[in-house]
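Asks: So that you have it, the file is work12.txt, and it contains compact mmCIF, C-alpha atoms and all ligand atoms:
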# COMPACT_ATOMS: atom_id res chain seq x y z
CA MET A 21 -24.29 0.37 -7.80
CA ASN A 22 -24.79 -2.15 -5.06
CA PHE A 23 -22.25 -2.20 -2.27
CA LYS A 24 -24.14 -4.67 -0.10
CA LEU A 25 -21.52 -7.13 1.04
CA SER A 26 -22.00 -10.82 0.41
CA GLU A 27 -21.98 -13.23 3.34
CA GLU A 28 -18.43 -14.26 2.40
CA GLN A 29 -17.27 -10.63 2.28
CA GLU A 30 -18.84 -9.96 5.71
CA LEU A 31 -16.96 -12.98 7.11
CA ILE A 32 -13.66 -11.84 5.61
CA LYS A 33 -14.16 -8.34 7.00
CA GLN A 34 -14.90 -9.78 10.46
CA ALA A 35 -11.86 -12.07 10.29
CA ALA A 36 -9.64 -9.08 9.50
CA ARG A 37 -11.27 -7.03 12.29
CA ASP A 38 -10.69 -9.84 14.82
CA PHE A 39 -7.12 -10.33 13.66
CA ALA A 40 -6.39 -6.60 13.97
CA LYS A 41 -7.85 -6.46 17.48
CA ASN A 42 -6.33 -9.68 18.82
CA GLU A 43 -2.99 -9.84 17.03
CA LEU A 44 -2.01 -6.39 15.78
CA LEU A 45 -3.28 -4.11 18.54
CA PRO A 46 -1.34 -5.54 21.52
CA GLY A 47 2.14 -4.69 20.19
CA VAL A 48 1.39 -1.83 17.83
CA ILE A 49 2.63 1.04 20.04
CA ASP A 50 5.83 -0.82 20.87
CA ARG A 51 6.57 -1.70 17.25
CA ASP A 52 6.00 1.93 16.25
CA GLU A 53 8.31 3.14 19.01
CA LYS A 54 11.09 0.67 18.17
CA GLN A 55 10.56 0.69 14.39
CA GLU A 56 10.11 -3.07 14.62
CA PHE A 57 8.88 -5.09 11.64
CA PRO A 58 5.79 -7.19 12.54
CA LYS A 59 7.47 -10.49 11.68
CA ASP A 60 5.19 -12.89 13.58
CA GLU A 61 2.09 -10.95 12.58
CA VAL A 62 3.02 -11.10 8.89
CA LYS A 63 3.50 -14.86 9.19
CA LYS A 64 -0.01 -15.17 10.67
CA MET A 65 -1.49 -12.94 7.97
CA GLY A 66 0.07 -15.26 5.42
CA GLU A 67 -1.63 -18.24 7.12
CA LEU A 68 -4.95 -16.39 6.94
CA GLY A 69 -4.49 -15.85 3.20
CA PHE A 70 -4.15 -12.05 3.49
CA LEU A 71 -0.91 -11.87 1.52
CA GLY A 72 -2.18 -13.32 -1.75
CA MET A 73 -5.82 -12.37 -1.55
CA MET A 74 -6.58 -11.95 -5.25
CA VAL A 75 -4.19 -14.63 -6.50
CA ASP A 76 -5.65 -17.68 -8.23
CA PRO A 77 -5.76 -20.71 -5.85
CA LYS A 78 -3.67 -22.63 -8.40
CA TYR A 79 -0.81 -20.35 -7.33
CA ASN A 80 -1.68 -20.77 -3.62
CA GLY A 81 -3.75 -17.58 -3.45
CA SER A 82 -7.14 -16.95 -1.84
CA GLY A 83 -8.87 -16.29 -5.19
CA LEU A 84 -10.92 -13.40 -3.81
CA ASP A 85 -12.14 -10.20 -5.42
CA THR A 86 -10.69 -6.69 -5.02
CA LEU A 87 -13.56 -5.61 -2.77
CA SER A 88 -12.67 -8.35 -0.25
CA TYR A 89 -9.06 -7.17 -0.37
CA VAL A 90 -10.16 -3.59 0.26
CA LEU A 91 -12.27 -4.70 3.24
CA VAL A 92 -9.25 -6.44 4.77
CA MET A 93 -7.02 -3.41 4.11
CA GLU A 94 -9.58 -1.15 5.78
CA GLU A 95 -9.88 -3.28 8.92
CA LEU A 96 -6.12 -3.86 9.34
CA SER A 97 -5.41 -0.16 8.78
CA LYS A 98 -7.82 0.91 11.51
CA VAL A 99 -5.33 -0.58 13.94
CA ASP A 100 -1.92 -0.88 12.29
CA ALA A 101 -1.07 0.84 9.02
CA SER A 102 2.52 -0.46 9.20
CA SER A 103 1.21 -4.00 8.83
CA SER A 104 -1.34 -3.07 6.19
CA VAL A 105 1.20 -1.50 3.83
CA ILE A 106 3.11 -4.80 3.83
CA VAL A 107 -0.15 -6.49 2.80
CA SER A 108 -0.84 -3.85 0.18
CA VAL A 109 2.56 -3.96 -1.53
CA ASN A 110 2.68 -7.76 -1.53
CA ASN A 111 -0.86 -8.08 -2.91
CA SER A 112 -1.40 -5.24 -5.33
CA LEU A 113 2.06 -4.55 -6.63
CA VAL A 114 4.08 -7.75 -6.39
CA CYS A 115 1.59 -10.66 -6.61
CA TRP A 116 -0.76 -8.89 -9.01
CA GLY A 117 2.12 -7.71 -11.22
CA ILE A 118 3.61 -11.19 -11.55
CA GLU A 119 0.27 -12.95 -11.95
CA LYS A 120 -0.97 -10.52 -14.61
CA PHE A 121 2.21 -10.09 -16.65
CA GLY A 122 4.67 -12.79 -15.54
CA THR A 123 5.57 -16.03 -17.31
CA ASP A 124 4.36 -19.44 -16.11
CA GLU A 125 7.86 -20.13 -14.80
CA GLN A 126 7.91 -16.85 -12.84
CA LYS A 127 4.53 -17.68 -11.34
CA GLU A 128 5.66 -21.17 -10.35
CA LYS A 129 8.94 -19.96 -8.91
CA TYR A 130 7.91 -16.75 -7.16
CA LEU A 131 4.14 -16.22 -7.02
CA LYS A 132 3.38 -19.48 -5.21
CA LYS A 133 5.63 -18.48 -2.31
CA LEU A 134 4.61 -14.80 -2.33
CA ALA A 135 0.91 -15.65 -2.18
CA THR A 136 1.26 -17.62 1.06
CA GLY A 137 3.65 -15.14 2.68
CA GLU A 138 6.43 -17.73 2.76
CA ILE A 139 8.39 -14.88 1.21
CA ILE A 140 7.38 -11.27 0.71
CA GLY A 141 8.09 -8.91 -2.16
CA ALA A 142 9.00 -5.29 -2.82
CA PHE A 143 8.28 -2.94 -5.72
CA CYS A 144 11.24 -0.77 -6.68
CA LEU A 145 10.47 2.24 -8.86
CA SER A 146 11.46 5.33 -6.83
CA GLU A 147 14.96 6.74 -7.03
CA PRO A 148 16.76 9.72 -5.50
CA GLU A 149 15.87 11.73 -8.64
CA ALA A 150 12.83 9.80 -9.87
CA GLY A 151 9.93 9.97 -7.43
CA SER A 152 6.90 11.57 -9.07
CA ASP A 153 8.83 11.91 -12.35
CA ALA A 154 8.98 8.16 -12.73
CA THR A 155 10.15 8.09 -16.37
CA SER A 156 13.51 9.62 -15.31
CA GLN A 157 14.99 6.29 -14.27
CA LYS A 158 18.75 6.41 -13.63
CA THR A 159 19.08 2.75 -12.68
CA THR A 160 20.29 0.89 -15.75
CA ALA A 161 19.71 -2.68 -16.91
CA ILE A 162 22.15 -3.23 -19.76
CA ASP A 163 21.27 -6.05 -22.14
CA LYS A 164 24.11 -8.61 -22.28
CA GLY A 165 22.40 -11.31 -24.33
CA ASP A 166 21.15 -13.89 -21.87
CA HIS A 167 21.17 -11.52 -18.88
CA TYR A 168 20.96 -7.87 -17.82
CA VAL A 169 23.56 -6.05 -15.75
CA LEU A 170 21.82 -3.87 -13.20
CA ASN A 171 23.38 -0.73 -11.69
CA GLY A 172 21.85 2.04 -9.60
CA THR A 173 20.05 2.96 -6.41
CA LYS A 174 16.39 2.73 -5.38
CA ASN A 175 14.93 4.75 -2.50
CA TRP A 176 12.18 4.46 0.13
CA ILE A 177 11.43 0.83 -0.72
CA THR A 178 8.68 -0.74 1.41
CA ASN A 179 9.66 -4.24 2.61
CA GLY A 180 13.17 -3.26 1.49
CA GLY A 181 15.02 -5.25 4.13
CA THR A 182 12.65 -8.17 4.61
CA ALA A 183 11.65 -8.98 1.03
CA ALA A 184 13.13 -11.94 -0.81
CA VAL A 185 11.89 -10.85 -4.24
CA TYR A 186 12.19 -7.34 -5.72
CA LEU A 187 10.49 -6.03 -8.86
CA VAL A 188 13.05 -3.53 -10.11
CA ILE A 189 12.30 -0.95 -12.80
CA ALA A 190 15.37 0.10 -14.79
CA GLN A 191 16.42 1.81 -18.02
CA THR A 192 17.79 -0.45 -20.75
CA ASP A 193 17.76 1.90 -23.74
CA LYS A 194 17.98 5.59 -22.81
CA ASP A 195 17.21 6.74 -26.37
CA LYS A 196 13.81 5.07 -26.22
CA LYS A 197 12.95 6.97 -23.01
CA HIS A 198 10.04 5.34 -21.14
CA ARG A 199 9.71 2.73 -23.91
CA GLY A 200 13.26 1.55 -23.15
CA ILE A 201 12.52 0.65 -19.51
CA ASN A 202 12.30 -2.92 -18.19
CA ALA A 203 10.93 -4.58 -15.04
CA LEU A 204 13.19 -7.31 -13.63
CA ILE A 205 12.69 -9.80 -10.83
CA VAL A 206 15.72 -9.57 -8.55
CA GLU A 207 16.34 -12.00 -5.72
CA LYS A 208 17.92 -11.09 -2.41
CA GLY A 209 21.37 -12.61 -2.32
CA MET A 210 22.20 -11.99 -5.99
CA ASP A 211 25.84 -10.85 -6.21
CA GLY A 212 26.18 -7.07 -6.11
CA PHE A 213 22.76 -6.44 -4.55
CA GLU A 214 22.94 -4.64 -1.23
CA VAL A 215 20.21 -3.43 1.12
CA GLY A 216 20.97 0.11 2.37
CA PRO A 217 20.21 1.53 5.83
CA LYS A 218 16.68 1.54 7.24
CA GLU A 219 14.85 4.89 7.06
CA ASN A 220 13.85 6.57 10.35
CA LYS A 221 10.29 7.62 9.51
CA LEU A 222 7.50 9.92 10.77
CA GLY A 223 4.85 7.24 10.40
CA ILE A 224 4.27 3.59 9.47
CA ARG A 225 7.38 3.05 11.56
CA GLY A 226 6.80 -0.69 11.88
CA SER A 227 7.19 -1.12 8.14
CA ASP A 228 10.60 -1.73 6.75
CA THR A 229 11.76 1.04 4.39
CA HIS A 230 15.24 0.96 2.85
CA SER A 231 17.31 2.17 -0.03
CA LEU A 232 18.69 -0.57 -2.31
CA ILE A 233 22.00 -0.55 -4.14
CA PHE A 234 22.69 -2.54 -7.32
CA ASN A 235 26.29 -2.93 -8.35
CA ASP A 236 26.77 -4.98 -11.53
CA VAL A 237 24.00 -7.39 -10.54
CA LYS A 238 23.56 -10.12 -13.18
CA VAL A 239 19.84 -10.74 -13.69
CA PRO A 240 18.88 -13.60 -16.05
CA LYS A 241 16.71 -12.59 -19.00
CA GLU A 242 14.03 -15.04 -17.91
CA ASN A 243 13.48 -12.67 -14.95
CA ARG A 244 12.23 -9.84 -17.17
CA ILE A 245 8.50 -9.20 -16.87
CA GLY A 246 6.78 -8.81 -20.24
CA GLU A 247 8.32 -7.83 -23.57
CA ASP A 248 11.48 -5.76 -23.88
CA GLY A 249 10.55 -2.13 -23.05
CA PHE A 250 7.34 -2.98 -21.17
CA GLY A 251 8.73 -1.93 -17.76
CA PHE A 252 7.23 1.56 -17.52
CA LYS A 253 3.77 0.43 -18.61
CA PHE A 254 4.10 -2.46 -16.17
CA ALA A 255 4.79 0.04 -13.37
CA MET A 256 1.88 2.30 -14.34
CA LYS A 257 -0.63 -0.54 -14.69
CA THR A 258 0.49 -2.11 -11.43
CA LEU A 259 0.39 1.18 -9.54
CA ALA A 260 -3.15 1.87 -10.79
CA GLY A 261 -4.32 -1.13 -8.74
CA GLY A 262 -1.88 -0.37 -5.92
CA ARG A 263 -3.59 2.99 -5.47
CA ILE A 264 -6.85 1.22 -4.60
CA GLY A 265 -5.03 -0.64 -1.81
CA ILE A 266 -3.51 2.57 -0.44
CA ALA A 267 -6.88 4.32 -0.71
CA ALA A 268 -8.32 1.51 1.43
CA GLN A 269 -5.45 1.96 3.87
CA ALA A 270 -6.22 5.69 4.14
CA LEU A 271 -9.90 4.90 4.62
CA GLY A 272 -9.03 2.48 7.42
CA ILE A 273 -6.76 4.98 9.17
CA ALA A 274 -9.56 7.57 9.05
CA ALA A 275 -12.20 5.12 10.26
CA GLY A 276 -9.94 3.85 13.04
CA ALA A 277 -9.32 7.38 14.32
CA TYR A 278 -13.02 8.21 14.08
CA GLU A 279 -14.05 5.09 16.05
CA LEU A 280 -11.59 6.00 18.80
CA ALA A 281 -12.75 9.63 18.88
CA LEU A 282 -16.42 8.65 19.00
CA LYS A 283 -15.84 6.25 21.90
CA TYR A 284 -13.69 8.76 23.78
CA SER A 285 -16.21 11.57 23.33
CA LYS A 286 -18.93 9.44 24.92
CA GLU A 287 -16.76 8.69 27.97
CA ARG A 288 -14.86 11.90 28.63
CA LYS A 289 -16.75 14.51 30.63
CA ALA A 290 -16.27 18.29 30.60
CA PHE A 291 -18.55 21.04 31.89
CA GLY A 292 -20.75 18.45 33.59
CA THR A 293 -21.52 16.23 30.60
CA GLU A 294 -19.91 13.85 28.09
CA ILE A 295 -18.05 15.92 25.50
CA SER A 296 -20.11 14.34 22.67
CA ASN A 297 -23.00 16.40 24.04
CA HIS A 298 -21.17 19.59 23.16
CA GLN A 299 -21.99 20.73 19.66
CA ALA A 300 -18.34 21.66 19.02
CA ILE A 301 -17.48 17.96 19.30
CA ALA A 302 -20.70 16.52 17.86
CA PHE A 303 -20.27 18.53 14.64
CA LYS A 304 -16.69 17.34 14.27
CA LEU A 305 -17.96 13.75 14.54
CA ALA A 306 -20.70 14.47 11.99
CA ASP A 307 -18.15 15.80 9.50
CA MET A 308 -15.78 12.89 10.07
CA HIS A 309 -18.53 10.30 9.63
CA THR A 310 -19.77 11.92 6.42
CA GLN A 311 -16.31 12.27 4.87
CA ILE A 312 -15.37 8.70 5.75
CA GLN A 313 -18.53 7.34 4.14
CA ALA A 314 -17.87 9.39 1.00
CA ALA A 315 -14.30 8.06 0.88
CA ARG A 316 -15.57 4.52 1.41
CA LEU A 317 -17.92 4.79 -1.58
CA LEU A 318 -15.07 5.98 -3.82
CA VAL A 319 -12.80 3.17 -2.64
CA TYR A 320 -15.49 0.49 -3.10
CA GLN A 321 -16.34 1.86 -6.54
CA ALA A 322 -12.71 1.64 -7.65
CA ALA A 323 -12.56 -1.96 -6.35
CA LYS A 324 -15.78 -2.83 -8.17
CA ASP A 325 -14.46 -1.25 -11.39
CA LYS A 326 -11.41 -3.50 -11.18
CA ASP A 327 -13.53 -6.56 -10.42
CA ASN A 328 -15.88 -5.79 -13.31
CA GLY A 329 -13.00 -5.43 -15.77
CA ASP A 330 -13.68 -1.69 -16.23
CA ASN A 331 -10.95 0.93 -16.35
CA TYR A 332 -9.94 1.92 -12.83
CA ASP A 333 -7.18 4.48 -13.48
CA LEU A 334 -9.58 7.36 -12.78
CA SER A 335 -11.66 5.81 -10.00
CA GLY A 336 -8.53 4.50 -8.23
CA ALA A 337 -6.82 7.90 -8.41
CA MET A 338 -9.94 9.69 -7.13
CA ALA A 339 -10.30 7.18 -4.30
CA LYS A 340 -6.67 7.61 -3.24
CA LEU A 341 -6.74 11.40 -3.53
CA TYR A 342 -9.89 11.78 -1.46
CA ALA A 343 -9.39 8.99 1.08
CA SER A 344 -5.86 10.19 1.91
CA GLN A 345 -7.15 13.75 2.40
CA VAL A 346 -9.90 12.43 4.68
CA ALA A 347 -7.34 10.35 6.58
CA MET A 348 -5.23 13.42 7.25
CA GLU A 349 -8.16 15.67 8.26
CA THR A 350 -9.92 13.04 10.34
CA THR A 351 -6.85 12.00 12.30
CA VAL A 352 -6.04 15.65 13.12
CA GLU A 353 -9.60 16.07 14.43
CA ALA A 354 -9.41 12.81 16.37
CA VAL A 355 -6.32 14.11 18.18
CA GLN A 356 -8.15 17.39 18.85
CA ILE A 357 -11.17 15.58 20.32
CA HIS A 358 -8.84 13.61 22.61
CA GLY A 359 -7.25 16.88 23.81
CA GLY A 360 -4.13 16.31 25.92
CA ASN A 361 -4.68 12.56 25.81
CA GLY A 362 -4.53 12.71 22.02
CA PHE A 363 -0.98 13.96 22.23
CA VAL A 364 0.30 10.94 24.14
CA LYS A 365 0.96 7.56 22.57
CA ASP A 366 -1.35 5.38 24.69
CA TYR A 367 -4.47 6.65 22.92
CA HIS A 368 -3.32 5.63 19.40
CA VAL A 369 -4.67 8.68 17.57
CA GLU A 370 -1.32 10.52 17.38
CA ARG A 371 0.15 7.44 15.64
CA LEU A 372 -2.77 7.28 13.22
CA MET A 373 -2.21 10.98 12.45
CA ARG A 374 1.47 10.34 11.71
CA ASP A 375 0.61 7.24 9.65
CA ALA A 376 -2.01 9.15 7.62
CA LYS A 377 0.56 11.48 6.04
CA ILE A 378 2.26 8.83 3.92
CA THR A 379 -1.02 8.00 2.16
CA GLN A 380 -0.78 11.43 0.49
CA ILE A 381 2.73 10.63 -0.70
CA TYR A 382 3.39 7.02 -1.69
CA GLU A 383 2.12 5.20 -4.78
CA GLY A 384 1.76 8.64 -6.35
CA THR A 385 1.44 11.88 -4.36
CA SER A 386 -1.89 13.72 -4.23
CA GLU A 387 -0.52 16.04 -6.91
CA ILE A 388 0.19 13.03 -9.17
CA GLN A 389 -3.35 11.75 -8.59
CA LYS A 390 -4.61 15.16 -9.75
CA ILE A 391 -2.51 14.81 -12.92
CA VAL A 392 -4.04 11.37 -13.57
CA ILE A 393 -7.57 12.63 -12.83
CA SER A 394 -7.30 15.86 -14.83
CA ARG A 395 -5.77 14.10 -17.85
CA SER A 396 -8.55 11.57 -17.72
CA ILE A 397 -11.36 14.14 -17.60
CA ILE A 398 -9.82 16.70 -19.96
CA GLY A 399 -8.31 14.15 -22.35
N1 LIG B 401 -1.66 2.36 -17.73
C1 LIG B 401 -0.94 2.03 -18.82
N2 LIG B 401 -0.04 2.86 -19.40
C2 LIG B 401 0.14 4.06 -18.82
C3 LIG B 401 -0.58 4.48 -17.69
C4 LIG B 401 -1.50 3.56 -17.13
N3 LIG B 401 -2.22 3.85 -16.05
N4 LIG B 401 -0.19 5.73 -17.35
C5 LIG B 401 0.75 6.09 -18.26
N5 LIG B 401 0.95 5.08 -19.13
C6 LIG B 401 1.86 5.05 -20.28
C7 LIG B 401 1.46 6.10 -21.33
O1 LIG B 401 0.52 5.58 -22.23
C8 LIG B 401 2.80 6.36 -22.00
O2 LIG B 401 3.11 5.33 -22.92
P1 LIG B 401 3.09 5.58 -24.53
O3 LIG B 401 3.92 6.80 -24.78
O4 LIG B 401 3.69 4.32 -25.08
O5 LIG B 401 1.66 5.76 -24.87
C9 LIG B 401 3.80 6.20 -20.88
O6 LIG B 401 3.16 5.43 -19.85
C10 LIG B 401 4.26 7.52 -20.31
O7 LIG B 401 3.10 8.22 -19.89
P2 LIG B 401 3.08 9.78 -19.68
O8 LIG B 401 3.57 10.48 -20.91
O9 LIG B 401 1.74 10.13 -19.16
O10 LIG B 401 4.22 9.95 -18.57
P3 LIG B 401 4.55 11.14 -17.62
O11 LIG B 401 6.02 11.29 -17.55
O12 LIG B 401 3.75 12.35 -17.98
O13 LIG B 401 4.14 10.60 -16.16
C11 LIG B 401 2.76 9.98 -14.34
C12 LIG B 401 2.94 10.04 -15.85
C13 LIG B 401 1.32 9.59 -14.14
C14 LIG B 401 3.01 11.34 -13.69
C15 LIG B 401 3.72 8.90 -13.77
O14 LIG B 401 5.07 9.29 -13.90
C16 LIG B 401 3.44 8.56 -12.33
O15 LIG B 401 2.51 7.83 -12.05
N6 LIG B 401 4.26 9.06 -11.38
C17 LIG B 401 4.14 8.68 -9.98
C18 LIG B 401 4.97 7.48 -9.66
C19 LIG B 401 4.51 6.74 -8.45
O16 LIG B 401 3.33 6.50 -8.24
N7 LIG B 401 5.47 6.33 -7.64
C20 LIG B 401 5.16 5.54 -6.49
C21 LIG B 401 6.32 4.70 -6.11
S1 LIG B 401 5.90 3.05 -5.70
C22 LIG B 401 5.46 3.07 -4.08
O17 LIG B 401 5.25 4.07 -3.46
C23 LIG B 401 5.28 1.71 -3.51
C24 LIG B 401 5.46 1.60 -2.05
O18 LIG B 401 6.52 1.25 -1.60
C25 LIG B 401 4.31 1.79 -1.16
Transcribe the structure of this file into structure tokens.
Ligand code: CAA
Replies:
Amino acid sequence: MNFKLSEEQELIKQAARDFAKNELLPGVIDRDEKQEFPKDEVKKMGELGFLGMMVDPKYNGSGLDTLSYVLVMEELSKVDASSSVIVSVNNSLVCWGIEKFGTDEQKEKYLKKLATGEIIGAFCLSEPEAGSDATSQKTTAIDKGDHYVLNGTKNWITNGGTAAVYLVIAQTDKDKKHRGINALIVEKGMDGFEVGPKENKLGIRGSDTHSLIFNDVKVPKENRIGEDGFGFKFAMKTLAGGRIGIAAQALGIAAGAYELALKYSKERKAFGTEISNHQAIAFKLADMHTQIQAARLLVYQAAKDKDNGDNYDLSGAMAKLYASQVAMETTVEAVQIHGGNGFVKDYHVERLMRDAKITQIYEGTSEIQKIVISRSIIG
């Protein structure tokens, strides 16, 4: 396995690092405090090609590999995980899902705009009673010949208020269980589609999380993705790649907290010397550095598996499970190293600690990743 980055990948990583420092960092505390969506920043990320990174240039994408995408996710997440989840959902779930399984018409109509960030998308699987148990869909899409009638509620939807295009998973034929589920492209503004209130969250507060309500929404049949009944497989296949993006986000949060803690420990003095000279702190830094590098190797391997056309269900789940655990542990230690300063907002680490928690929950909780991993190894 060779993880030496190409010149192009190094340039992309540097571009993301510069963007995060110059454009995301200045307002990140304020956006977190006010729960403000990074509207201007998202527009600029679209101009840089960060919103359709793996999309074929013929659909206005950047045509890059998954490893480049992971590098960008890592660098953005070091500074602002609220912005990086917008990038992750748009890239791995919405653009990838439509490009891989959509029709030519769907790609022309939606993907071209999603890939440039002219519009952004949302992925709508979770429901009040279907989070981890994703086959228990209560939202219905009743087949009416040339269209479906959609009814139900979706919860905790990233980009819920700002998206223009929503990939909605819904049950068409209850008797067929998960084989009777469909994925439909729903546009904002369709009659009967309402965006619910914004969630007041612990972390990633700059991202826009809403419930969605569908009341007799007429969705044309040409908006179905794949064959009738393909919706659950569509969700599973899409989420397998999404988990690599979230693993990279977790890696970035951990690395961002570590970089801040390392710098702080070399400046802050206690007992007559910089605190990095105290073994209690130095050993924490050693553990953090080692865990982050281990997480990075898992994330890069999953990205490489996807780029090489190998199965990435297992490697993606392992990367997400481990990187999110490292994100949580590392950010807690980064706050500890900062002492009292770690507990106030100006030093960023408390926000990174709050942001880390969601990486153990969304796109499949850590417990779900263990189901995927154990089924894969036991058979
Ligand atoms: N690829 C293709 N097909 C898959 C698959 C995969 N990775 N995983 C499962 N399937 C298929 C199975 O083959 C099966 O189909 P067949 O019967 O036709 O063979 C079907 O899906 C059902 O599979 P299971 O019997 O394994 O289903 P299950 O009920 O035991 O659940 C699960 C499996 C892995 C637990 C799944 O429910 C799951 O992933 N749950 C978590 C859901 C999740 O990640 N939600 C995140 C919400 S989205 C989000 O967070 C986005 C955001 O905003 C940031």
Asks: May I have the residues at most 7 Å from (10.8, -6.7, -18.5) in the file's coordinates, counting all atoms listed in the file, as a count of residues only?
Replies: 11
Asks: Could you pull out the residues sitting within 9 Å of ligand LIG 401 (chain B), using all atoms listed in the file, and write them as a ChimeraX atom specification?
Replies: /A:105-106,108-109,113,142-147,150-156,176-180,198-199,229,252-260,262-263,266,332-334,378-379,381-385,387-389,391-392,395
Asks: Can I get the selected residues back with C-alpha atoms, as an mmCIF file, in the frame of the given file?
Replies:
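Listing of selection39.cif after writing:
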data_model
loop_
_atom_site.group_PDB
_atom_site.id
_atom_site.type_symbol
_atom_site.label_atom_id
_atom_site.label_comp_id
_atom_site.auth_asym_id
_atom_site.auth_seq_id
_atom_site.Cartn_x
_atom_site.Cartn_y
_atom_site.Cartn_z
ATOM 1 C CA VAL A 105 1.200 -1.500 3.830
ATOM 2 C CA ILE A 106 3.110 -4.800 3.830
ATOM 3 C CA SER A 108 -0.840 -3.850 0.180
ATOM 4 C CA VAL A 109 2.560 -3.960 -1.530
ATOM 5 C CA LEU A 113 2.060 -4.550 -6.630
ATOM 6 C CA ALA A 142 9.000 -5.290 -2.820
ATOM 7 C CA PHE A 143 8.280 -2.940 -5.720
ATOM 8 C CA CYS A 144 11.240 -0.770 -6.680
ATOM 9 C CA LEU A 145 10.470 2.240 -8.860
ATOM 10 C CA SER A 146 11.460 5.330 -6.830
ATOM 11 C CA GLU A 147 14.960 6.740 -7.030
ATOM 12 C CA ALA A 150 12.830 9.800 -9.870
ATOM 13 C CA GLY A 151 9.930 9.970 -7.430
ATOM 14 C CA SER A 152 6.900 11.570 -9.070
ATOM 15 C CA ASP A 153 8.830 11.910 -12.350
ATOM 16 C CA ALA A 154 8.980 8.160 -12.730
ATOM 17 C CA THR A 155 10.150 8.090 -16.370
ATOM 18 C CA SER A 156 13.510 9.620 -15.310
ATOM 19 C CA TRP A 176 12.180 4.460 0.130
ATOM 20 C CA ILE A 177 11.430 0.830 -0.720
ATOM 21 C CA THR A 178 8.680 -0.740 1.410
ATOM 22 C CA ASN A 179 9.660 -4.240 2.610
ATOM 23 C CA GLY A 180 13.170 -3.260 1.490
ATOM 24 C CA HIS A 198 10.040 5.340 -21.140
ATOM 25 C CA ARG A 199 9.710 2.730 -23.910
ATOM 26 C CA THR A 229 11.760 1.040 4.390
ATOM 27 C CA PHE A 252 7.230 1.560 -17.520
ATOM 28 C CA LYS A 253 3.770 0.430 -18.610
ATOM 29 C CA PHE A 254 4.100 -2.460 -16.170
ATOM 30 C CA ALA A 255 4.790 0.040 -13.370
ATOM 31 C CA MET A 256 1.880 2.300 -14.340
ATOM 32 C CA LYS A 257 -0.630 -0.540 -14.690
ATOM 33 C CA THR A 258 0.490 -2.110 -11.430
ATOM 34 C CA LEU A 259 0.390 1.180 -9.540
ATOM 35 C CA ALA A 260 -3.150 1.870 -10.790
ATOM 36 C CA GLY A 262 -1.880 -0.370 -5.920
ATOM 37 C CA ARG A 263 -3.590 2.990 -5.470
ATOM 38 C CA ILE A 266 -3.510 2.570 -0.440
ATOM 39 C CA TYR A 332 -9.940 1.920 -12.830
ATOM 40 C CA ASP A 333 -7.180 4.480 -13.480
ATOM 41 C CA LEU A 334 -9.580 7.360 -12.780
ATOM 42 C CA ILE A 378 2.260 8.830 3.920
ATOM 43 C CA THR A 379 -1.020 8.000 2.160
ATOM 44 C CA ILE A 381 2.730 10.630 -0.700
ATOM 45 C CA TYR A 382 3.390 7.020 -1.690
ATOM 46 C CA GLU A 383 2.120 5.200 -4.780
ATOM 47 C CA GLY A 384 1.760 8.640 -6.350
ATOM 48 C CA THR A 385 1.440 11.880 -4.360
ATOM 49 C CA GLU A 387 -0.520 16.040 -6.910
ATOM 50 C CA ILE A 388 0.190 13.030 -9.170
ATOM 51 C CA GLN A 389 -3.350 11.750 -8.590
ATOM 52 C CA ILE A 391 -2.510 14.810 -12.920
ATOM 53 C CA VAL A 392 -4.040 11.370 -13.570
ATOM 54 C CA ARG A 395 -5.770 14.100 -17.850
#
Asks: Can you measure CA of Glu61 in chain A to CA of Val107 in chain A for me? One decimal in Å is fine.
Replies: 11.0 Å
Asks: If you count all atoms listed in the file, which residues fall within 12 Å of Arg288 in chain A, apart from same-chain ones fewer than 2 positions away, as a list in words?
Replies: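 The residues satisfying every condition are Leu280, Ala281, Leu282, Lys283, Tyr284, Ser285, Lys286, Ala290, Phe291, Gly292, Thr293, Glu294, Ile295, Ser296, Asn297, His298, Ile301, Ile357, His358, Gly359, Gly360 and Asn361 of chain A.
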Asks: Could you list, as a JSON list (two decimals) with C-alpha atoms, keeping the file's coordinate frame, every residue within 10 Å of Ala35 in chain A, counting only C-alpha atoms and ignoring same-chain residues fewer than 4 positions away?
Replies:
[["chain", "number", "residue", "atom", "x", "y", "z"],
["A", 29, "GLN", "CA", -17.27, -10.63, 2.28],
["A", 30, "GLU", "CA", -18.84, -9.96, 5.71],
["A", 31, "LEU", "CA", -16.96, -12.98, 7.11],
["A", 39, "PHE", "CA", -7.12, -10.33, 13.66],
["A", 40, "ALA", "CA", -6.39, -6.60, 13.97],
["A", 41, "LYS", "CA", -7.85, -6.46, 17.48],
["A", 68, "LEU", "CA", -4.95, -16.39, 6.94],
["A", 92, "VAL", "CA", -9.25, -6.44, 4.77],
["A", 95, "GLU", "CA", -9.88, -3.28, 8.92]]
Asks: Identify the residues around (-20.9, 2.1, -0.2) within a radius of 9 Å, measuring from all atoms listed in the file in the coordinates stated by the file, and give them as a PyMOL selection string.
Replies: chain A and resi 21-24+313-321
Asks: Using Å and a single decimal, report how far CA of Glu56 in chain A sits from CA of Lys98 in chain A.
Replies: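 CA of Lys98 in chain A sits 18.6 Å away from CA of Glu56 in chain A.
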Asks: Hey, what's within 12 Å of Thr123 in chain A if we count only C-alpha atoms and toss same-chain stuff fewer than 5 positions away? As a count of residues only, please?
Replies: 14
Asks: For His230 in chain A, which residue among A:Glu214, A:Glu149, A:Glu138, A:Asp195 is the nearest when counting all atoms listed in the file?
Replies: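 So, comparing all the options, the nearest one is A:Glu214.
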